>>> print(open('target29.cif').read())   # mmCIF, C-alpha atoms
data_query
#
loop_
_atom_site.label_atom_id
_atom_site.label_comp_id
_atom_site.auth_asym_id
_atom_site.auth_seq_id
_atom_site.Cartn_x
_atom_site.Cartn_y
_atom_site.Cartn_z
CA MET A 1349 95.02 111.21 105.30
CA ARG A 1350 98.01 113.43 104.87
CA VAL A 1351 97.65 116.41 102.57
CA ARG A 1352 100.15 116.39 99.75
CA ALA A 1353 101.24 119.29 97.62
CA ILE A 1354 100.05 118.87 94.04
CA THR A 1355 103.57 119.06 92.64
CA MET A 1356 104.58 116.09 94.76
CA SER A 1357 102.32 113.65 92.95
CA LYS A 1358 103.58 114.54 89.51
CA LYS A 1359 104.17 111.57 87.26
CA ASP A 1360 107.92 111.81 86.77
CA ASP A 1361 110.45 109.04 86.05
CA THR A 1362 110.64 108.22 89.74
CA TYR A 1363 106.85 107.83 89.88
CA ASN A 1364 106.98 105.42 86.93
CA LEU A 1365 109.90 103.49 88.44
CA ILE A 1366 107.93 103.00 91.66
CA VAL A 1367 104.84 101.84 89.75
CA ASP A 1368 106.76 99.41 87.51
CA GLN A 1369 108.85 97.84 90.26
CA SER A 1370 105.86 97.62 92.59
CA LEU A 1371 103.76 95.91 89.93
CA LEU A 1372 106.48 93.28 89.54
CA LEU A 1373 106.61 92.74 93.32
CA PHE A 1374 102.83 92.75 93.78
CA ASN A 1375 102.23 90.37 90.90
CA THR A 1376 104.87 87.86 92.01
CA LYS A 1377 104.77 88.05 95.83
CA GLY A 1378 101.28 89.43 96.32
CA ILE A 1379 100.29 92.89 97.48
CA HIS A 1380 99.89 91.96 101.12
CA GLN A 1381 103.31 90.37 101.23
CA THR A 1382 105.05 93.32 99.62
CA SER A 1383 106.25 96.00 102.04
CA ILE A 1384 107.27 99.59 101.39
CA GLN A 1385 110.75 98.38 102.39
CA ASP A 1386 110.61 95.85 99.50
CA ILE A 1387 109.71 98.69 97.13
CA MET A 1388 112.55 100.82 98.54
CA ASN A 1389 114.99 97.94 98.00
CA SER A 1390 113.74 97.24 94.51
CA THR A 1391 113.83 100.87 93.37
CA SER A 1392 116.88 101.94 95.44
CA LEU A 1393 114.79 104.91 96.56
CA PRO A 1394 114.52 106.35 100.07
CA LYS A 1395 111.16 106.12 101.83
CA GLY A 1396 110.51 109.85 101.34
CA ALA A 1397 110.71 109.55 97.55
CA ILE A 1398 107.88 107.04 97.68
CA TYR A 1399 105.68 108.82 100.22
CA ARG A 1400 106.04 112.13 98.40
CA ARG A 1401 104.34 110.49 95.41
CA PHE A 1402 101.92 108.01 97.00
CA GLU A 1403 99.76 108.10 100.11
CA ASN A 1404 100.38 104.42 100.90
CA LYS A 1405 100.94 100.96 99.42
CA HIS A 1406 97.29 100.63 98.42
CA GLU A 1407 97.51 103.77 96.28
CA ILE A 1408 100.58 102.33 94.53
CA ALA A 1409 98.69 99.06 93.98
CA LEU A 1410 95.71 100.82 92.39
CA VAL A 1411 97.98 102.71 89.96
CA ALA A 1412 100.13 99.63 89.27
CA TYR A 1413 97.19 97.38 88.48
CA GLU A 1414 95.50 99.99 86.35
CA LYS A 1415 98.74 100.03 84.36
CA ALA A 1416 98.73 96.21 84.27
CA GLY A 1417 95.25 96.27 82.76
CA GLY A 1418 96.60 98.60 80.08
CA ILE A 1419 99.51 96.25 79.34
CA ILE A 1420 97.17 93.27 78.84
CA TRP A 1421 94.89 95.45 76.77
CA THR A 1422 97.85 96.28 74.47
CA PHE A 1423 98.70 92.57 74.18
CA MET A 1424 95.12 91.86 73.11
CA GLN A 1425 95.10 94.66 70.54
CA ASN A 1426 98.43 93.50 69.09
CA ALA A 1427 97.32 89.86 69.04
CA ILE A 1428 94.32 90.52 66.80
CA LYS A 1429 95.66 93.19 64.48
CA ASP A 1430 96.80 90.87 61.67
CA LYS A 1431 93.91 88.43 62.02
CA ALA A 1432 91.14 88.37 59.44
CA THR A 1433 88.35 86.31 60.98
CA ALA A 1434 86.61 86.47 64.37
CA THR A 1435 87.76 82.91 65.09
CA GLU A 1436 91.37 83.82 64.39
CA LYS A 1437 91.07 86.86 66.66
CA ILE A 1438 89.59 84.87 69.54
CA ILE A 1439 92.26 82.18 69.28
CA ALA A 1440 94.98 84.85 69.08
CA ILE A 1441 93.68 86.34 72.35
CA SER A 1442 93.67 82.89 73.98
CA GLU A 1443 97.26 82.44 72.85
CA ILE A 1444 98.55 85.51 74.71
CA TYR A 1445 99.12 83.18 77.68
CA LEU A 1446 100.51 80.29 75.61
CA ASP A 1447 103.44 80.03 78.03
CA ALA A 1448 101.52 80.96 81.17
CA VAL A 1449 103.98 79.06 83.35
CA HIS A 1450 107.28 80.59 82.26
CA ASN A 1451 106.58 83.67 80.20
CA PRO A 1452 103.28 85.43 80.85
CA PRO A 1453 102.83 89.01 79.54
CA ILE A 1454 103.45 90.29 83.09
CA GLU A 1455 105.73 88.34 85.40
CA GLY A 1456 103.75 86.55 88.10
CA GLY A 1457 100.81 85.65 85.87
CA CYS A 1458 97.52 87.30 84.99
CA PRO A 1459 97.10 90.52 87.01
CA MET A 1460 93.32 90.13 86.91
CA LEU A 1461 93.43 86.61 88.29
CA ASN A 1462 95.98 87.52 90.97
CA THR A 1463 94.10 90.56 92.21
CA ALA A 1464 90.65 88.98 91.88
CA ILE A 1465 91.67 86.53 94.56
CA GLU A 1466 93.89 88.73 96.70
CA SER A 1467 91.41 91.60 96.78
CA ASP A 1468 88.35 89.37 97.09
CA SER A 1469 87.25 90.47 100.54
CA THR A 1470 90.03 92.76 101.64
CA PHE A 1471 90.70 95.49 99.07
CA PRO A 1472 87.38 96.52 97.48
CA GLU A 1473 88.80 99.50 95.54
CA LEU A 1474 91.21 97.20 93.70
CA LYS A 1475 88.52 94.61 93.09
CA GLN A 1476 86.45 97.39 91.51
CA VAL A 1477 89.35 98.47 89.25
CA MET A 1478 89.89 94.89 88.04
CA SER A 1479 86.19 94.20 87.64
CA THR A 1480 85.96 97.27 85.40
CA ALA A 1481 89.00 96.06 83.43
CA PHE A 1482 87.31 92.68 83.00
CA GLU A 1483 84.11 94.31 81.74
CA GLY A 1484 86.21 96.26 79.21
CA MET A 1485 87.79 93.05 77.93
CA SER A 1486 84.36 91.41 77.78
CA GLN A 1487 83.08 94.24 75.60
CA PHE A 1488 86.14 93.86 73.37
CA VAL A 1489 85.48 90.13 72.84
CA ILE A 1490 81.72 90.73 72.44
CA GLY A 1491 82.61 93.16 69.64
CA ILE A 1492 84.73 90.54 67.86
CA ILE A 1493 81.97 87.91 68.11
CA SER A 1494 79.33 90.40 66.92
CA GLU A 1495 81.48 91.26 63.90
CA GLY A 1496 81.74 87.54 63.19
CA LYS A 1497 77.93 87.29 63.23
CA ASP A 1498 77.50 90.37 61.02
CA SER A 1499 80.00 89.08 58.45
CA GLY A 1500 78.22 85.72 58.27
CA GLU A 1501 81.16 83.83 59.78
CA PHE A 1502 79.14 82.78 62.85
CA SER A 1503 75.56 81.56 63.18
CA LYS A 1504 72.93 84.22 63.82
CA GLU A 1505 71.85 82.26 66.94
CA LEU A 1506 75.17 82.82 68.70
CA ASP A 1507 74.88 84.98 71.84
CA PRO A 1508 78.00 87.23 71.97
CA SER A 1509 77.67 88.12 75.64
CA SER A 1510 77.60 84.62 77.13
CA LEU A 1511 80.23 83.35 74.68
CA ALA A 1512 82.59 86.21 75.59
CA SER A 1513 82.06 85.41 79.26
CA TYR A 1514 82.91 81.77 78.57
CA ILE A 1515 86.00 82.57 76.46
CA LEU A 1516 87.50 84.91 79.06
CA SER A 1517 86.58 82.72 82.05
CA SER A 1518 88.04 79.57 80.54
CA MET A 1519 91.18 81.46 79.56
CA GLU A 1520 91.63 82.71 83.14
CA GLY A 1521 90.99 79.22 84.47
CA ALA A 1522 93.56 77.70 82.15
CA ILE A 1523 96.15 80.24 83.29
CA MET A 1524 95.38 79.36 86.89
CA THR A 1525 95.57 75.58 86.47
CA SER A 1526 98.70 75.81 84.30
CA ARG A 1527 100.47 77.93 86.89
CA LEU A 1528 99.25 75.69 89.73
CA THR A 1529 100.52 72.51 88.09
CA LEU A 1530 103.49 74.18 86.35
CA ASN A 1531 102.26 72.69 83.10
CA ASN A 1532 101.03 74.64 80.07
CA GLU A 1533 98.95 71.67 78.88
CA HIS A 1534 95.85 73.35 80.35
CA ILE A 1535 96.40 76.36 78.07
CA TYR A 1536 96.69 74.01 75.08
CA SER A 1537 93.49 72.19 76.13
CA ASN A 1538 91.70 75.52 76.38
CA ILE A 1539 92.71 76.50 72.84
CA LYS A 1540 91.91 73.04 71.45
CA TYR A 1541 88.34 72.97 72.76
CA MET A 1542 87.73 76.65 72.08
CA LYS A 1543 88.51 75.94 68.40
CA ILE A 1544 86.09 72.98 68.40
CA LEU A 1545 83.37 75.05 70.04
CA LEU A 1546 83.79 77.98 67.63
CA LEU A 1547 83.77 75.60 64.67
CA GLY A 1548 80.33 74.43 65.82
CA PHE A 1549 79.05 78.01 65.50
CA THR A 1550 80.74 78.66 62.15
CA ASN A 1551 78.61 78.78 59.02
CA LYS A 1552 79.88 76.19 56.54
CA MET B 675 111.97 74.09 114.73
CA ARG B 676 110.67 73.48 118.21
CA VAL B 677 110.30 69.87 119.27
CA ARG B 678 106.78 68.98 120.29
CA ALA B 679 105.68 66.07 122.41
CA ILE B 680 103.68 63.59 120.35
CA THR B 681 100.65 63.85 122.62
CA MET B 682 100.45 67.58 121.96
CA SER B 683 99.64 67.20 118.28
CA LYS B 684 96.78 64.80 118.81
CA LYS B 685 93.73 65.57 116.74
CA ASP B 686 91.25 66.48 119.45
CA ASP B 687 88.21 68.78 119.27
CA THR B 688 90.42 71.81 119.83
CA TYR B 689 92.65 70.77 116.93
CA ASN B 690 89.58 70.51 114.67
CA LEU B 691 88.22 73.84 115.90
CA ILE B 692 91.52 75.53 115.03
CA VAL B 693 91.58 73.93 111.57
CA ASP B 694 87.95 74.79 110.77
CA GLN B 695 88.08 78.39 111.97
CA SER B 696 91.45 78.95 110.30
CA LEU B 697 90.19 77.59 106.99
CA LEU B 698 87.33 80.09 107.12
CA LEU B 699 89.73 82.95 107.86
CA PHE B 700 92.34 81.86 105.29
CA ASN B 701 89.77 81.35 102.54
CA THR B 702 88.06 84.72 103.09
CA LYS B 703 90.92 87.03 104.18
CA GLY B 704 93.85 85.15 102.70
CA ILE B 705 96.54 83.24 104.56
CA HIS B 706 99.03 86.09 104.64
CA GLN B 707 96.46 88.48 106.04
CA THR B 708 95.37 86.09 108.78
CA SER B 709 97.35 86.33 112.01
CA ILE B 710 97.60 83.89 114.90
CA GLN B 711 95.79 86.61 116.85
CA ASP B 712 92.88 86.37 114.36
CA ILE B 713 92.77 82.61 114.94
CA MET B 714 92.84 83.14 118.72
CA ASN B 715 89.94 85.61 118.42
CA SER B 716 87.95 83.34 116.16
CA THR B 717 88.42 80.21 118.29
CA SER B 718 88.46 81.96 121.69
CA LEU B 719 91.59 79.96 122.44
CA PRO B 720 94.78 81.17 124.13
CA LYS B 721 97.97 81.23 122.06
CA GLY B 722 99.37 78.20 123.88
CA ALA B 723 96.44 76.01 122.82
CA ILE B 724 97.31 76.73 119.20
CA TYR B 725 101.08 76.38 119.48
CA ARG B 726 100.79 73.12 121.40
CA ARG B 727 99.06 71.66 118.33
CA PHE B 728 100.73 73.46 115.42
CA GLU B 729 104.27 74.61 114.77
CA ASN B 730 103.14 77.81 113.04
CA LYS B 731 100.49 79.36 110.78
CA HIS B 732 101.84 77.59 107.70
CA GLU B 733 101.32 74.20 109.33
CA ILE B 734 97.71 75.14 110.12
CA ALA B 735 97.25 76.26 106.50
CA LEU B 736 98.55 72.97 105.11
CA VAL B 737 96.17 70.96 107.31
CA ALA B 738 93.24 73.35 106.66
CA TYR B 739 93.61 73.25 102.88
CA GLU B 740 94.08 69.50 102.82
CA LYS B 741 90.73 69.38 104.63
CA ALA B 742 89.28 71.87 102.10
CA GLY B 743 90.31 69.55 99.27
CA GLY B 744 88.44 66.75 101.05
CA ILE B 745 85.31 68.91 101.39
CA ILE B 746 85.27 69.72 97.67
CA TRP B 747 85.93 66.06 96.90
CA THR B 748 82.84 65.12 98.95
CA PHE B 749 80.77 67.70 97.06
CA MET B 750 81.90 66.18 93.77
CA GLN B 751 81.09 62.62 94.89
CA ASN B 752 77.63 63.68 96.12
CA ALA B 753 76.93 65.66 92.96
CA ILE B 754 77.37 62.66 90.66
CA LYS B 755 75.90 59.87 92.73
CA ASP B 756 72.37 59.99 91.30
CA LYS B 757 73.45 60.80 87.75
CA ALA B 758 73.24 58.16 85.04
CA THR B 759 75.27 59.51 82.13
CA ALA B 760 78.77 60.97 81.90
CA THR B 761 77.30 64.24 80.59
CA GLU B 762 74.97 64.49 83.58
CA LYS B 763 77.88 63.84 85.92
CA ILE B 764 80.10 66.50 84.34
CA ILE B 765 77.32 69.10 84.42
CA ALA B 766 76.54 68.19 88.05
CA ILE B 767 80.19 68.83 88.95
CA SER B 768 80.10 72.19 87.13
CA GLU B 769 76.96 73.07 89.10
CA ILE B 770 78.65 72.71 92.50
CA TYR B 771 79.58 76.40 92.18
CA LEU B 772 76.22 77.49 90.74
CA ASP B 773 76.09 80.29 93.32
CA ALA B 774 79.81 81.03 93.38
CA VAL B 775 79.19 84.60 94.47
CA HIS B 776 77.00 84.09 97.52
CA ASN B 777 77.08 80.44 98.48
CA PRO B 778 80.17 78.48 97.43
CA PRO B 779 80.82 75.08 99.10
CA ILE B 780 83.45 76.76 101.30
CA GLU B 781 83.00 80.39 102.27
CA GLY B 782 85.46 82.62 100.42
CA GLY B 783 85.31 80.69 97.16
CA CYS B 784 87.25 77.81 95.64
CA PRO B 785 90.12 76.84 97.98
CA MET B 786 92.17 75.64 95.01
CA LEU B 787 91.81 78.92 93.17
CA ASN B 788 92.51 81.00 96.27
CA THR B 789 95.64 79.08 97.24
CA ALA B 790 96.89 78.66 93.67
CA ILE B 791 97.28 82.41 93.51
CA GLU B 792 98.28 83.15 97.08
CA SER B 793 100.88 80.39 97.22
CA ASP B 794 102.12 80.93 93.68
CA SER B 795 105.64 82.05 94.51
CA THR B 796 105.59 82.26 98.27
CA PHE B 797 104.36 79.02 99.83
CA PRO B 798 105.59 76.09 97.73
CA GLU B 799 104.46 73.36 100.16
CA LEU B 800 100.86 74.58 99.90
CA LYS B 801 101.09 74.92 96.14
CA GLN B 802 102.20 71.28 96.06
CA VAL B 803 99.26 70.14 98.22
CA MET B 804 96.77 71.95 95.97
CA SER B 805 98.45 70.80 92.77
CA THR B 806 98.11 67.20 94.02
CA ALA B 807 94.44 67.84 94.88
CA PHE B 808 93.90 69.19 91.36
CA GLU B 809 95.52 66.12 89.82
CA GLY B 810 93.17 63.94 91.90
CA MET B 811 90.15 65.83 90.60
CA SER B 812 91.49 65.56 87.06
CA GLN B 813 91.75 61.80 87.40
CA PHE B 814 88.17 61.72 88.73
CA VAL B 815 86.84 63.62 85.70
CA ILE B 816 89.02 61.59 83.30
CA GLY B 817 87.38 58.47 84.78
CA ILE B 818 83.89 59.84 84.12
CA ILE B 819 84.76 60.74 80.50
CA SER B 820 86.39 57.35 79.92
CA GLU B 821 83.27 55.59 81.21
CA GLY B 822 81.25 57.71 78.79
CA LYS B 823 83.46 56.50 75.94
CA ASP B 824 83.27 52.87 77.06
CA SER B 825 79.47 52.97 77.33
CA GLY B 826 79.18 54.41 73.81
CA GLU B 827 77.80 57.76 75.09
CA PHE B 828 80.82 59.69 73.77
CA SER B 829 82.74 59.42 70.51
CA LYS B 830 85.75 57.11 70.54
CA GLU B 831 87.89 60.03 69.31
CA LEU B 832 87.37 62.03 72.51
CA ASP B 833 90.56 62.52 74.55
CA PRO B 834 89.61 62.26 78.26
CA SER B 835 92.76 63.92 79.58
CA SER B 836 92.59 67.20 77.65
CA LEU B 837 88.82 67.42 78.05
CA ALA B 838 89.08 66.96 81.83
CA SER B 839 91.73 69.69 81.89
CA TYR B 840 89.39 71.98 79.96
CA ILE B 841 86.34 71.21 82.12
CA LEU B 842 88.14 71.89 85.40
CA SER B 843 90.02 74.96 84.09
CA SER B 844 86.93 76.61 82.69
CA MET B 845 85.04 75.86 85.91
CA GLU B 846 87.77 77.52 87.98
CA GLY B 847 87.84 80.47 85.61
CA ALA B 848 84.08 80.92 85.84
CA ILE B 849 84.27 80.91 89.64
CA MET B 850 86.99 83.56 89.47
CA THR B 851 85.18 85.87 87.05
CA SER B 852 81.85 85.45 88.85
CA ARG B 853 83.42 86.38 92.17
CA LEU B 854 85.34 89.26 90.59
CA THR B 855 82.24 90.78 89.00
CA LEU B 856 79.84 89.62 91.76
CA ASN B 857 77.70 88.06 89.05
CA ASN B 858 77.01 84.33 88.63
CA GLU B 859 76.31 84.76 84.91
CA HIS B 860 79.83 83.47 84.17
CA ILE B 861 78.98 80.19 85.91
CA TYR B 862 75.82 79.91 83.80
CA SER B 863 77.82 80.64 80.61
CA ASN B 864 80.29 77.92 81.57
CA ILE B 865 77.52 75.34 82.01
CA LYS B 866 75.74 76.44 78.82
CA TYR B 867 78.79 76.03 76.57
CA MET B 868 80.01 72.91 78.35
CA LYS B 869 76.67 71.30 77.46
CA ILE B 870 77.02 72.38 73.82
CA LEU B 871 80.59 71.07 73.65
CA LEU B 872 79.69 67.71 75.22
CA LEU B 873 76.72 67.35 72.88
CA GLY B 874 79.17 67.62 69.98
CA PHE B 875 81.02 64.56 71.31
CA THR B 876 77.85 62.58 72.07
CA ASN B 877 76.94 59.67 69.77
CA LYS B 878 73.48 60.24 68.35
#
>>> encode(input="target29.cif", output="structure tokens")
Amino acid sequence: MRVRAITMSKKDDTYNLIVDQSLLLFNTKGIHQTSIQDIMNSTSLPKGAIYRRFENKHEIALVAYEKAGGIIWTFMQNAIKDKATATEKIIAISEIYLDAVHNPPIEGGCPMLNTAIESDSTFPELKQVMSTAFEGMSQFVIGIISEGKDSGEFSKELDPSSLASYILSSMEGAIMTSRLTLNNEHIYSNIKYMKILLLGFTNK
Amino acid sequence: MRVRAITMSKKDDTYNLIVDQSLLLFNTKGIHQTSIQDIMNSTSLPKGAIYRRFENKHEIALVAYEKAGGIIWTFMQNAIKDKATATEKIIAISEIYLDAVHNPPIEGGCPMLNTAIESDSTFPELKQVMSTAFEGMSQFVIGIISEGKDSGEFSKELDPSSLASYILSSMEGAIMTSRLTLNNEHIYSNIKYMKILLLGFTNK
């Protein structure tokens, strides 16, 4: 590894431009199909401006996808902030990807889904970053479900951990099948049956 | 495109060896990260033996993933054959990926999930092949649900199309999150809540 001067990795506007443009390229074309030349073209920066700030493409990808996790996290926080009940909060989270095909929060689709596959056997550091992001989201949804139990909205028998796993998994799956078939109906199906399922756990 | 003699593309043992080994490489490393050299190494074949049978790597990928779709299709058919009720059949299909982390039907995980992401914007012919495979599986699950309605097992109000979409999406999502976190608990959550949901539609 090359040794870089500390000042060279400072997070200036150029650093942010590289991260943002790279995230767009990675999330639409894939990391492995994005070259440093693509990032140079997209940012209109010379190679040196990139290599003064990042060791290599993998380092850019780790920073870019950590940022992507933060963007989705913000979408989730904003989605629930005006919602009163746990059910409303869970549905609001599921609706973040209502137009998964044409207008996802980050162009190219869910960053977690995209990297989970692309990094499956070939980029363990990135897989670790996204796995940690997923665990964070799980804890967030577990918290919402637990609040719903404490308030008496949901049955005391409901297990927050497995339900959070199911909510997030089925949401990811619906994004994947909607983008595969270019049809958001799978997102609508996900929300429809999630509502039915939650209603079954709701105290009348 | 190069013109190939018809006899050169015949589907001999070498052709099948190339397809099988390539599928393994594509589904574990990704198509874009697999080179013709990798396929040569894996098959112990010279370059000419590959190029006499396939135009390029993309052609191998299309054939390999069409075969993958057939493999999953066979798993689904086998899973349901001894099952009496629609519920049992749907759960049996969900259980194909019970050990998604360590022992999926095809090494590397679900071929549909892997290609849906990898081909999203960069390999439209493959995306089309996998979208068609997904539609075939949807029709298969719709058929099972419709039989369940006809036999009186399920409520007449149940909509087979949206439920099939939900079943397959949530299954794909659970495979993805299990492989991301290296924990099959998401598969178990999927099966647990699918059973609860189906029970809600079952005539008592």
>>> closest_residue(input="target29.cif", among="B:Ala723, B:Ile692, B:Ile816, B:Leu787", to="B:Asp833", atoms="all atoms listed in the file")
B:Ile816
>>> resolve_selection(input="target29.cif", expression="the PyMOL selection byres ((chain A) within 6 of (chain B))", output="PDB file with C-alpha atoms, in the coordinates of the input")
ATOM      1  CA  ASN A1462      95.980  87.520  90.970  1.00  0.00           C
ATOM      2  CA  ALA A1464      90.650  88.980  91.880  1.00  0.00           C
ATOM      3  CA  ILE A1465      91.670  86.530  94.560  1.00  0.00           C
ATOM      4  CA  SER A1479      86.190  94.200  87.640  1.00  0.00           C
ATOM      5  CA  SER A1510      77.600  84.620  77.130  1.00  0.00           C
ATOM      6  CA  SER A1513      82.060  85.410  79.260  1.00  0.00           C
ATOM      7  CA  TYR A1514      82.910  81.770  78.570  1.00  0.00           C
ATOM      8  CA  SER A1517      86.580  82.720  82.050  1.00  0.00           C
ATOM      9  CA  SER A1518      88.040  79.570  80.540  1.00  0.00           C
ATOM     10  CA  GLU A1520      91.630  82.710  83.140  1.00  0.00           C
ATOM     11  CA  GLY A1521      90.990  79.220  84.470  1.00  0.00           C
ATOM     12  CA  ALA A1522      93.560  77.700  82.150  1.00  0.00           C
ATOM     13  CA  LEU A1528      99.250  75.690  89.730  1.00  0.00           C
ATOM     14  CA  THR A1529     100.520  72.510  88.090  1.00  0.00           C
ATOM     15  CA  HIS A1534      95.850  73.350  80.350  1.00  0.00           C
ATOM     16  CA  SER A1537      93.490  72.190  76.130  1.00  0.00           C
ATOM     17  CA  ASN A1538      91.700  75.520  76.380  1.00  0.00           C
TER      18      ASN A1538
END
>>> atom_distance(input="target29.cif", atom1="atom CA of A:Glu1473", atom2="atom CA of A:His1406")
9.0 Å
>>> atom_distance(input="target29.cif", atom1="atom CA of A:Val1477", atom2="atom CA of A:Ser1494")
25.8 Å
>>> atom_distance(input="target29.cif", atom1="atom CA of A:Ala1434", atom2="atom CA of A:Asn1532")
24.4 Å
>>> closest_residue(input="target29.cif", among="A:Glu1443, A:Glu1505, A:Asp1361, A:Glu1455", to="A:Met1424", atoms="only C-alpha atoms")
A:Glu1443
>>> axis_aligned_box(input="target29.cif", around="stretch 696-700 of chain B", padding_each_side="3 Å", output="AutoDock Vina command-line options")
--center_x 89.8 --center_y 80.3 --center_z 107.8 --size_x 11.0 --size_y 11.4 --size_z 11.0
>>> resolve_selection(input="target29.cif", expression="the PyMOL selection byres ((chain B and resi 821) around 12)", output="MDAnalysis selection string")
chainID B and resid 758:761 763:764 814:820 822:830 832 834
>>> write_last_selection(input="target29.cif", atoms="C-alpha atoms", output="PDB file, in the coordinates of the input")
ATOM      1  CA  ALA B 758      73.240  58.160  85.040  1.00  0.00           C
ATOM      2  CA  THR B 759      75.270  59.510  82.130  1.00  0.00           C
ATOM      3  CA  ALA B 760      78.770  60.970  81.900  1.00  0.00           C
ATOM      4  CA  THR B 761      77.300  64.240  80.590  1.00  0.00           C
ATOM      5  CA  LYS B 763      77.880  63.840  85.920  1.00  0.00           C
ATOM      6  CA  ILE B 764      80.100  66.500  84.340  1.00  0.00           C
ATOM      7  CA  PHE B 814      88.170  61.720  88.730  1.00  0.00           C
ATOM      8  CA  VAL B 815      86.840  63.620  85.700  1.00  0.00           C
ATOM      9  CA  ILE B 816      89.020  61.590  83.300  1.00  0.00           C
ATOM     10  CA  GLY B 817      87.380  58.470  84.780  1.00  0.00           C
ATOM     11  CA  ILE B 818      83.890  59.840  84.120  1.00  0.00           C
ATOM     12  CA  ILE B 819      84.760  60.740  80.500  1.00  0.00           C
ATOM     13  CA  SER B 820      86.390  57.350  79.920  1.00  0.00           C
ATOM     14  CA  GLY B 822      81.250  57.710  78.790  1.00  0.00           C
ATOM     15  CA  LYS B 823      83.460  56.500  75.940  1.00  0.00           C
ATOM     16  CA  ASP B 824      83.270  52.870  77.060  1.00  0.00           C
ATOM     17  CA  SER B 825      79.470  52.970  77.330  1.00  0.00           C
ATOM     18  CA  GLY B 826      79.180  54.410  73.810  1.00  0.00           C
ATOM     19  CA  GLU B 827      77.800  57.760  75.090  1.00  0.00           C
ATOM     20  CA  PHE B 828      80.820  59.690  73.770  1.00  0.00           C
ATOM     21  CA  SER B 829      82.740  59.420  70.510  1.00  0.00           C
ATOM     22  CA  LYS B 830      85.750  57.110  70.540  1.00  0.00           C
ATOM     23  CA  LEU B 832      87.370  62.030  72.510  1.00  0.00           C
ATOM     24  CA  PRO B 834      89.610  62.260  78.260  1.00  0.00           C
TER      25      PRO B 834
END
>>> residues_around(input="target29.cif", residues="B:Ile710", least_positions_apart="2", cutoff="10 Å", atoms="only C-alpha atoms", output="PyMOL selection string")
chain B and resi 696+708+712-716+721+724-725+730-731+734
>>> build_atoms(input="target29.cif", residues="stretch 772-782 of chain B", atoms="N, CA, C and O atoms", output="short mmCIF file (atom, residue, chain, number, x, y, z; two decimals), in the coordinates of the input")
data_model
loop_
_atom_site.label_atom_id
_atom_site.label_comp_id
_atom_site.auth_asym_id
_atom_site.auth_seq_id
_atom_site.Cartn_x
_atom_site.Cartn_y
_atom_site.Cartn_z
N LEU B 772 77.28 76.76 91.43
CA LEU B 772 76.22 77.49 90.74
C LEU B 772 76.02 78.88 91.35
O LEU B 772 75.77 79.85 90.63
N ASP B 773 76.16 78.98 92.67
CA ASP B 773 76.09 80.29 93.32
C ASP B 773 77.47 80.62 93.89
O ASP B 773 77.66 80.72 95.11
N ALA B 774 78.42 80.76 92.98
CA ALA B 774 79.81 81.03 93.38
C ALA B 774 79.93 82.32 94.17
O ALA B 774 80.77 82.44 95.06
N VAL B 775 79.08 83.28 93.84
CA VAL B 775 79.19 84.60 94.47
C VAL B 775 78.75 84.56 95.93
O VAL B 775 79.46 85.04 96.82
N HIS B 776 77.59 83.97 96.18
CA HIS B 776 77.00 84.09 97.52
C HIS B 776 77.06 82.82 98.35
O HIS B 776 76.95 82.88 99.57
N ASN B 777 77.17 81.67 97.71
CA ASN B 777 77.08 80.44 98.48
C ASN B 777 77.96 79.32 97.90
O ASN B 777 77.47 78.27 97.50
N PRO B 778 79.27 79.54 97.89
CA PRO B 778 80.17 78.48 97.43
C PRO B 778 80.26 77.38 98.50
O PRO B 778 79.89 77.61 99.65
N PRO B 779 80.72 76.17 98.12
CA PRO B 779 80.82 75.08 99.10
C PRO B 779 81.63 75.46 100.35
O PRO B 779 81.29 75.05 101.44
N ILE B 780 82.68 76.26 100.15
CA ILE B 780 83.45 76.76 101.30
C ILE B 780 83.46 78.28 101.20
O ILE B 780 83.81 78.83 100.15
N GLU B 781 83.08 78.94 102.29
CA GLU B 781 83.00 80.39 102.27
C GLU B 781 84.34 81.00 101.81
O GLU B 781 85.40 80.56 102.24
N GLY B 782 84.24 81.99 100.93
CA GLY B 782 85.46 82.62 100.42
C GLY B 782 85.78 82.18 99.00
O GLY B 782 86.64 82.76 98.35
#
